[in-house]
Amino acid sequence: MCRVKRKWLAACGALVMAIGVTTGGEALAKEKHKDIVNVSHRGASGYAPEHTLVSYQMGENMHGDYIEIDLQMTKDGQLIAMHDEKLDRTTNGTGLVKDYTLAEIKQLDAGSWFNEKYPESANPNYEGLQVPTLEEVFKKFGKNARYYIETKSPETYPGMEKELLRLIDKYDINKKSLLIQSFSPQSLKIMNELDPSVNLIQLISYKNDAVITDDEIAAIKEYAMGVGPNHTYLNEEYVQKVVNSGLELHPYTVNDKDRMKQLIDWGVTGMFTNFPDKLHEVKKGK
């Protein structure tokens with residue numbers, strides 16, 4: 001065989017191998033991205049007023065895997081979907097949720113603030129939206145929707161966990177796909193005692209580089225199956241340590257596609273985002 005032909009064949013072989021490696025790498029990357037849990041943070045809250053039925057529906061339409069619901073409790077013991085203990089930021093009301101009855105909160109406008117703050121995404125249909133109750137969310141989306149529910153400020157609302165479980169059972173919510181999260185270990189432990197079949201996530205807030213000890217992981221695994229840290233201070237070592245321990249890892253709140261890709265490459269198993277459509281695109285390899 002002449003020398004030129006041998007060189008040509010070698011070059012072709014290298015090209016074929018390179019294509020194979022590239023294709024295989026892309027396939028592996030897509031496979032890794034595919035199973036990432038896409039949590040619509042307060043619904044599709046980058047596009048619609050957070051914690052409204054409109055926002056939750058939009059999250060579903062944008063391929064969010066979970067409807068994330070923050071809970072507060074009214075003066076008359078009703079669980080409502082709202083992030084803050086105060087009404088001021090996301091309604092035209094003022095003061096603490098716990099000082100108002102559900103009927104009073106239902107009179108408030110929970111949508112116009114969004115149009116004022118985000119004029120580029122404003123929609124006249126958002127004006128006058130109501131604060132939904134947890135029951136209303138369950139009724140609208142049904143027992144087989146995937147809910148990711150947070151007990152907010154549980155120390156302010158004694159009995160919140162019991163009432164939450166009552167409604168979960170009343171509406172026959174599928175517990176296999178249900179996740180309950182909280183920053184309060186005590187709240188999660190109460191949930192675990194009341195119903196050990198419910199899957200729990202321990203929320204964590206880091207103020208600088210994220211570090212977690214073996215003892216901390218062991219303690220969390222006593223009652224929870226995952227952790228939800230803020231993504232800002234995460235690093236690959238932290239992610240690998242948590243995931244290799246057997247815990248799920250769902251950082252919050254990730255709105256940049258490059259950061260989404262980086263966290264997925266590090267090994268997270270899901271994440272919260274205000275833009276579930278962006279994470280859906282990343283999962284598709286876009």
# chains A, B, ... in the order shown; residues from 1 in each chain; ligands from 1
>>> select_by_dssp(residues="region 97-278 of chain A", states="alpha helix (DSSP H)", output="tab-separated table (two decimals) with N, CA and C atoms, in the first residue's frame")
chain	number	residue	atom	x	y	z
A	102	LEU	N	-59.63	34.63	55.17
A	102	LEU	CA	-59.56	34.30	53.75
A	102	LEU	C	-60.48	35.22	52.95
A	103	ALA	N	-61.66	35.48	53.45
A	103	ALA	CA	-62.60	36.34	52.73
A	103	ALA	C	-62.00	37.72	52.49
A	104	GLU	N	-61.28	38.23	53.47
A	104	GLU	CA	-60.65	39.55	53.31
A	104	GLU	C	-59.52	39.50	52.28
A	105	ILE	N	-58.73	38.44	52.32
A	105	ILE	CA	-57.61	38.31	51.37
A	105	ILE	C	-58.12	38.11	49.95
A	112	SER	N	-51.85	43.06	39.70
A	112	SER	CA	-51.46	44.36	39.13
A	112	SER	C	-50.02	44.75	39.46
A	113	TRP	N	-49.53	44.34	40.63
A	113	TRP	CA	-48.16	44.66	41.02
A	113	TRP	C	-47.16	44.16	39.98
A	114	PHE	N	-47.47	43.00	39.38
A	114	PHE	CA	-46.56	42.40	38.40
A	114	PHE	C	-46.45	43.30	37.16
A	115	ASN	N	-47.59	43.79	36.70
A	115	ASN	CA	-47.59	44.68	35.53
A	115	ASN	C	-46.78	45.94	35.78
A	116	GLU	N	-46.84	46.43	37.01
A	116	GLU	CA	-46.10	47.65	37.35
A	116	GLU	C	-44.60	47.37	37.44
A	117	LYS	N	-44.24	46.22	38.00
A	117	LYS	CA	-42.82	45.91	38.21
A	117	LYS	C	-42.16	45.39	36.93
A	134	LEU	N	-54.80	26.63	48.80
A	134	LEU	CA	-54.23	25.35	48.41
A	134	LEU	C	-55.31	24.44	47.85
A	135	GLU	N	-56.50	24.50	48.44
A	135	GLU	CA	-57.61	23.68	47.94
A	135	GLU	C	-57.95	24.01	46.50
A	136	GLU	N	-57.93	25.28	46.16
A	136	GLU	CA	-58.24	25.69	44.79
A	136	GLU	C	-57.19	25.16	43.81
A	137	VAL	N	-55.95	25.17	44.25
A	137	VAL	CA	-54.88	24.64	43.39
A	137	VAL	C	-55.10	23.15	43.18
A	138	PHE	N	-55.37	22.41	44.25
A	138	PHE	CA	-55.61	20.97	44.14
A	138	PHE	C	-56.81	20.68	43.23
A	139	LYS	N	-57.87	21.48	43.38
A	139	LYS	CA	-59.07	21.27	42.57
A	139	LYS	C	-58.79	21.51	41.09
A	140	LYS	N	-58.00	22.54	40.80
A	140	LYS	CA	-57.74	22.89	39.39
A	140	LYS	C	-56.82	21.89	38.71
A	141	PHE	N	-55.74	21.48	39.39
A	141	PHE	CA	-54.72	20.67	38.71
A	141	PHE	C	-54.85	19.17	39.00
A	160	MET	N	-49.89	23.99	60.93
A	160	MET	CA	-49.82	24.08	59.47
A	160	MET	C	-49.61	22.70	58.84
A	161	GLU	N	-48.72	21.91	59.40
A	161	GLU	CA	-48.38	20.60	58.83
A	161	GLU	C	-49.59	19.66	58.85
A	162	LYS	N	-50.31	19.67	59.95
A	162	LYS	CA	-51.49	18.80	60.07
A	162	LYS	C	-52.56	19.19	59.07
A	163	GLU	N	-52.78	20.49	58.90
A	163	GLU	CA	-53.78	20.96	57.94
A	163	GLU	C	-53.34	20.64	56.51
A	164	LEU	N	-52.07	20.78	56.22
A	164	LEU	CA	-51.56	20.43	54.89
A	164	LEU	C	-51.82	18.96	54.58
A	165	LEU	N	-51.51	18.09	55.52
A	165	LEU	CA	-51.73	16.67	55.29
A	165	LEU	C	-53.22	16.33	55.19
A	166	ARG	N	-54.04	17.05	55.93
A	166	ARG	CA	-55.49	16.83	55.83
A	166	ARG	C	-55.98	17.09	54.41
A	167	LEU	N	-55.50	18.18	53.81
A	167	LEU	CA	-55.92	18.53	52.45
A	167	LEU	C	-55.32	17.57	51.42
A	168	ILE	N	-54.09	17.15	51.65
A	168	ILE	CA	-53.47	16.17	50.75
A	168	ILE	C	-54.29	14.89	50.73
A	169	ASP	N	-54.73	14.45	51.90
A	169	ASP	CA	-55.53	13.24	51.99
A	169	ASP	C	-56.95	13.46	51.46
A	170	LYS	N	-57.52	14.64	51.75
A	170	LYS	CA	-58.88	14.94	51.29
A	170	LYS	C	-58.97	14.88	49.76
A	185	PRO	N	-36.13	22.39	59.87
A	185	PRO	CA	-36.03	20.95	60.12
A	185	PRO	C	-37.16	20.45	61.02
A	186	GLN	N	-37.56	21.30	61.97
A	186	GLN	CA	-38.63	20.90	62.89
A	186	GLN	C	-39.94	20.65	62.15
A	187	SER	N	-40.25	21.53	61.20
A	187	SER	CA	-41.48	21.37	60.42
A	187	SER	C	-41.44	20.07	59.62
A	188	LEU	N	-40.30	19.79	59.01
A	188	LEU	CA	-40.16	18.56	58.23
A	188	LEU	C	-40.25	17.33	59.12
A	189	LYS	N	-39.69	17.42	60.31
A	189	LYS	CA	-39.76	16.28	61.24
A	189	LYS	C	-41.19	16.04	61.72
A	190	ILE	N	-41.95	17.12	61.89
A	190	ILE	CA	-43.37	16.97	62.23
A	190	ILE	C	-44.10	16.27	61.08
A	191	MET	N	-43.81	16.69	59.85
A	191	MET	CA	-44.41	16.05	58.69
A	191	MET	C	-44.07	14.57	58.66
A	192	ASN	N	-42.82	14.27	58.94
A	192	ASN	CA	-42.35	12.88	58.90
A	192	ASN	C	-43.05	12.03	59.96
A	193	GLU	N	-43.28	12.62	61.12
A	193	GLU	CA	-43.97	11.89	62.19
A	193	GLU	C	-45.44	11.67	61.85
A	194	LEU	N	-46.07	12.69	61.25
A	194	LEU	CA	-47.48	12.59	60.90
A	194	LEU	C	-47.73	11.62	59.74
A	214	ASP	N	-20.30	15.44	56.56
A	214	ASP	CA	-20.89	14.10	56.57
A	214	ASP	C	-21.96	13.99	57.66
A	215	ASP	N	-21.71	14.61	58.80
A	215	ASP	CA	-22.68	14.58	59.90
A	215	ASP	C	-23.97	15.29	59.52
A	216	GLU	N	-23.84	16.41	58.82
A	216	GLU	CA	-25.04	17.14	58.38
A	216	GLU	C	-25.85	16.32	57.38
A	217	ILE	N	-25.16	15.67	56.47
A	217	ILE	CA	-25.84	14.82	55.49
A	217	ILE	C	-26.56	13.67	56.20
A	218	ALA	N	-25.88	13.04	57.14
A	218	ALA	CA	-26.48	11.92	57.88
A	218	ALA	C	-27.72	12.37	58.65
A	219	ALA	N	-27.64	13.56	59.25
A	219	ALA	CA	-28.78	14.08	60.02
A	219	ALA	C	-29.97	14.35	59.10
A	220	ILE	N	-29.72	14.93	57.94
A	220	ILE	CA	-30.79	15.23	56.98
A	220	ILE	C	-31.44	13.94	56.47
A	221	LYS	N	-30.62	12.93	56.22
A	221	LYS	CA	-31.13	11.67	55.69
A	221	LYS	C	-32.04	10.93	56.68
A	236	GLU	N	-18.71	22.26	42.38
A	236	GLU	CA	-18.82	20.88	41.91
A	236	GLU	C	-18.57	19.87	43.03
A	237	GLU	N	-17.63	20.17	43.91
A	237	GLU	CA	-17.32	19.25	45.01
A	237	GLU	C	-18.53	19.05	45.91
A	238	TYR	N	-19.21	20.15	46.23
A	238	TYR	CA	-20.41	20.08	47.07
A	238	TYR	C	-21.48	19.22	46.39
A	239	VAL	N	-21.73	19.52	45.12
A	239	VAL	CA	-22.77	18.80	44.37
A	239	VAL	C	-22.48	17.30	44.36
A	240	GLN	N	-21.25	16.94	44.04
A	240	GLN	CA	-20.88	15.53	43.96
A	240	GLN	C	-21.01	14.84	45.33
A	241	LYS	N	-20.62	15.53	46.38
A	241	LYS	CA	-20.70	14.94	47.72
A	241	LYS	C	-22.15	14.65	48.10
A	242	VAL	N	-23.04	15.61	47.84
A	242	VAL	CA	-24.45	15.43	48.20
A	242	VAL	C	-25.08	14.32	47.37
A	243	VAL	N	-24.89	14.38	46.06
A	243	VAL	CA	-25.52	13.39	45.17
A	243	VAL	C	-24.97	11.99	45.42
A	244	ASN	N	-23.68	11.88	45.65
A	244	ASN	CA	-23.08	10.57	45.90
A	244	ASN	C	-23.52	9.99	47.25
A	257	LYS	N	-29.35	30.17	31.48
A	257	LYS	CA	-29.18	28.87	30.82
A	257	LYS	C	-27.76	28.32	30.97
A	258	ASP	N	-26.76	29.19	30.92
A	258	ASP	CA	-25.39	28.71	31.09
A	258	ASP	C	-25.18	28.15	32.49
A	259	ARG	N	-25.77	28.79	33.49
A	259	ARG	CA	-25.67	28.28	34.86
A	259	ARG	C	-26.43	26.97	34.99
A	260	MET	N	-27.57	26.86	34.34
A	260	MET	CA	-28.32	25.60	34.34
A	260	MET	C	-27.44	24.46	33.82
A	261	LYS	N	-26.79	24.72	32.70
A	261	LYS	CA	-25.94	23.69	32.08
A	261	LYS	C	-24.78	23.32	33.00
A	262	GLN	N	-24.18	24.33	33.62
A	262	GLN	CA	-23.06	24.06	34.52
A	262	GLN	C	-23.49	23.19	35.70
A	263	LEU	N	-24.60	23.53	36.31
A	263	LEU	CA	-25.09	22.76	37.46
A	263	LEU	C	-25.44	21.33	37.07
A	264	ILE	N	-26.00	21.17	35.89
A	264	ILE	CA	-26.32	19.82	35.40
A	264	ILE	C	-25.03	19.03	35.17
A	265	ASP	N	-24.04	19.68	34.59
A	265	ASP	CA	-22.74	19.01	34.38
A	265	ASP	C	-22.11	18.61	35.71
A	266	TRP	N	-22.33	19.40	36.74
A	266	TRP	CA	-21.78	19.07	38.06
A	266	TRP	C	-22.52	17.90	38.69
A	276	PRO	N	-39.37	28.10	33.39
A	276	PRO	CA	-39.31	26.66	33.09
A	276	PRO	C	-39.12	26.34	31.61
A	277	ASP	N	-39.50	27.27	30.75
A	277	ASP	CA	-39.28	27.05	29.32
A	277	ASP	C	-37.78	27.03	28.99
A	278	LYS	N	-37.00	27.86	29.69
A	278	LYS	CA	-35.54	27.88	29.45
A	278	LYS	C	-34.90	26.56	29.88
>>> closest_residue(among="A:Thr52, A:Thr232, A:Thr156, A:Gln202", to="Thr90 (chain A)", atoms="only C-alpha atoms")
A:Thr52
>>> select_by_dssp(residues="region 73-155 of chain A", states="strand (DSSP E)", output="PyMOL selection string")
chain A and resi 73+79-81+147-151
>>> closest_residue(among="A:Leu71, A:Leu129, A:Met271, A:Ile149", to="Leu108 (chain A)", atoms="only C-alpha atoms")
A:Leu129
>>> residues_around(residues="Glu50 (chain A)", least_positions_apart="3", cutoff="9 Å", atoms="only C-alpha atoms", output="VMD selection string")
chain A and resid 41 to 47 53 to 56 82 to 83 90 110 to 111 114
>>> atom_distance(atom1="CA of Asp65 (chain A)", atom2="CA of Tyr223 (chain A)")
23.4 Å
>>> residues_around(residues="Gln181 (chain A)", least_positions_apart="3", cutoff="6 Å", atoms="only C-alpha atoms", output="PyMOL selection string")
chain A and resi 150+200-202
>>> write_last_selection(atoms="N, CA and C atoms", output="mmCIF file, in the first residue's frame")
data_model
loop_
_atom_site.group_PDB
_atom_site.id
_atom_site.type_symbol
_atom_site.label_atom_id
_atom_site.label_comp_id
_atom_site.auth_asym_id
_atom_site.auth_seq_id
_atom_site.Cartn_x
_atom_site.Cartn_y
_atom_site.Cartn_z
ATOM 1 N N GLU A 150 -44.021 24.143 50.012
ATOM 2 C CA GLU A 150 -43.175 24.593 51.115
ATOM 3 C C GLU A 150 -44.003 25.089 52.295
ATOM 4 N N LEU A 200 -39.612 14.389 51.663
ATOM 5 C CA LEU A 200 -39.278 15.701 52.196
ATOM 6 C C LEU A 200 -37.942 16.220 51.658
ATOM 7 N N ILE A 201 -37.862 17.537 51.514
ATOM 8 C CA ILE A 201 -36.647 18.220 51.043
ATOM 9 C C ILE A 201 -36.257 19.295 52.047
ATOM 10 N N GLN A 202 -35.003 19.241 52.502
ATOM 11 C CA GLN A 202 -34.487 20.247 53.432
ATOM 12 C C GLN A 202 -33.909 21.430 52.658
#
>>> closest_residue(among="A:Asp195, A:Asp35, A:Asp209, A:Asp99", to="Gly77 (chain A)", atoms="only C-alpha atoms")
A:Asp99
>>> atom_distance(atom1="CA of Glu127 (chain A)", atom2="CA of Thr91 (chain A)")
10.5 Å
>>> residues_around(residues="Val254 (chain A)", least_positions_apart="6", cutoff="9 Å", atoms="only C-alpha atoms", output="number ranges by chain")
A: 230-232, 260, 271-275, 279
>>> closest_residue(among="A:Ile173, A:Met73, A:Val211, A:Met225", to="Pro158 (chain A)", atoms="only C-alpha atoms")
A:Met73
>>> closest_residue(among="A:Ser121, A:Ser205, A:Asn61, A:Asn92", to="Asp109 (chain A)", atoms="only C-alpha atoms")
A:Asn92
>>> closest_residue(among="A:Gln107, A:Gln130, A:Asn38, A:Asn123", to="His250 (chain A)", atoms="only C-alpha atoms")
A:Asn38
>>> decode(residues="region 41-58 of chain A", atoms="N, CA and C atoms", output="mmCIF file, in the first residue's frame")
data_model
loop_
_atom_site.group_PDB
_atom_site.id
_atom_site.type_symbol
_atom_site.label_atom_id
_atom_site.label_comp_id
_atom_site.auth_asym_id
_atom_site.auth_seq_id
_atom_site.Cartn_x
_atom_site.Cartn_y
_atom_site.Cartn_z
ATOM 1 N N HIS A 41 -40.784 27.683 39.672
ATOM 2 C CA HIS A 41 -40.662 28.417 40.934
ATOM 3 C C HIS A 41 -41.786 29.443 41.090
ATOM 4 N N ARG A 42 -42.701 29.165 42.006
ATOM 5 C CA ARG A 42 -43.884 30.008 42.202
ATOM 6 C C ARG A 42 -44.713 30.054 40.921
ATOM 7 N N GLY A 43 -44.688 28.975 40.159
ATOM 8 C CA GLY A 43 -45.244 28.947 38.815
ATOM 9 C C GLY A 43 -44.203 29.480 37.838
ATOM 10 N N ALA A 44 -44.663 29.867 36.659
ATOM 11 C CA ALA A 44 -43.747 30.502 35.697
ATOM 12 C C ALA A 44 -43.651 31.978 36.069
ATOM 13 N N SER A 45 -43.019 32.236 37.216
ATOM 14 C CA SER A 45 -43.090 33.570 37.817
ATOM 15 C C SER A 45 -42.251 34.616 37.101
ATOM 16 N N GLY A 46 -41.478 34.199 36.096
ATOM 17 C CA GLY A 46 -40.790 35.175 35.268
ATOM 18 C C GLY A 46 -41.710 35.803 34.243
ATOM 19 N N TYR A 47 -42.896 35.199 34.049
ATOM 20 C CA TYR A 47 -43.817 35.650 33.003
ATOM 21 C C TYR A 47 -45.186 36.086 33.531
ATOM 22 N N ALA A 48 -45.513 35.705 34.759
ATOM 23 C CA ALA A 48 -46.850 35.981 35.301
ATOM 24 C C ALA A 48 -46.750 36.179 36.817
ATOM 25 N N PRO A 49 -47.757 36.791 37.431
ATOM 26 C CA PRO A 49 -47.700 37.042 38.874
ATOM 27 C C PRO A 49 -47.549 35.734 39.654
ATOM 28 N N GLU A 50 -46.526 35.690 40.496
ATOM 29 C CA GLU A 50 -46.205 34.479 41.249
ATOM 30 C C GLU A 50 -47.379 33.995 42.099
ATOM 31 N N HIS A 51 -47.444 32.688 42.272
ATOM 32 C CA HIS A 51 -48.448 32.065 43.132
ATOM 33 C C HIS A 51 -49.873 32.479 42.787
ATOM 34 N N THR A 52 -50.153 32.522 41.483
ATOM 35 C CA THR A 52 -51.529 32.650 41.009
ATOM 36 C C THR A 52 -51.820 31.438 40.140
ATOM 37 N N LEU A 53 -53.088 31.135 39.940
ATOM 38 C CA LEU A 53 -53.443 29.994 39.098
ATOM 39 C C LEU A 53 -52.920 30.178 37.671
ATOM 40 N N VAL A 54 -52.871 31.429 37.223
ATOM 41 C CA VAL A 54 -52.336 31.729 35.887
ATOM 42 C C VAL A 54 -50.866 31.342 35.805
ATOM 43 N N SER A 55 -50.099 31.704 36.826
ATOM 44 C CA SER A 55 -48.675 31.390 36.843
ATOM 45 C C SER A 55 -48.434 29.879 36.904
ATOM 46 N N TYR A 56 -49.222 29.193 37.725
ATOM 47 C CA TYR A 56 -49.083 27.735 37.823
ATOM 48 C C TYR A 56 -49.415 27.059 36.488
ATOM 49 N N GLN A 57 -50.484 27.529 35.833
ATOM 50 C CA GLN A 57 -50.867 26.949 34.549
ATOM 51 C C GLN A 57 -49.795 27.203 33.494
ATOM 52 N N MET A 58 -49.231 28.397 33.514
ATOM 53 C CA MET A 58 -48.178 28.722 32.559
ATOM 54 C C MET A 58 -46.964 27.826 32.771
#
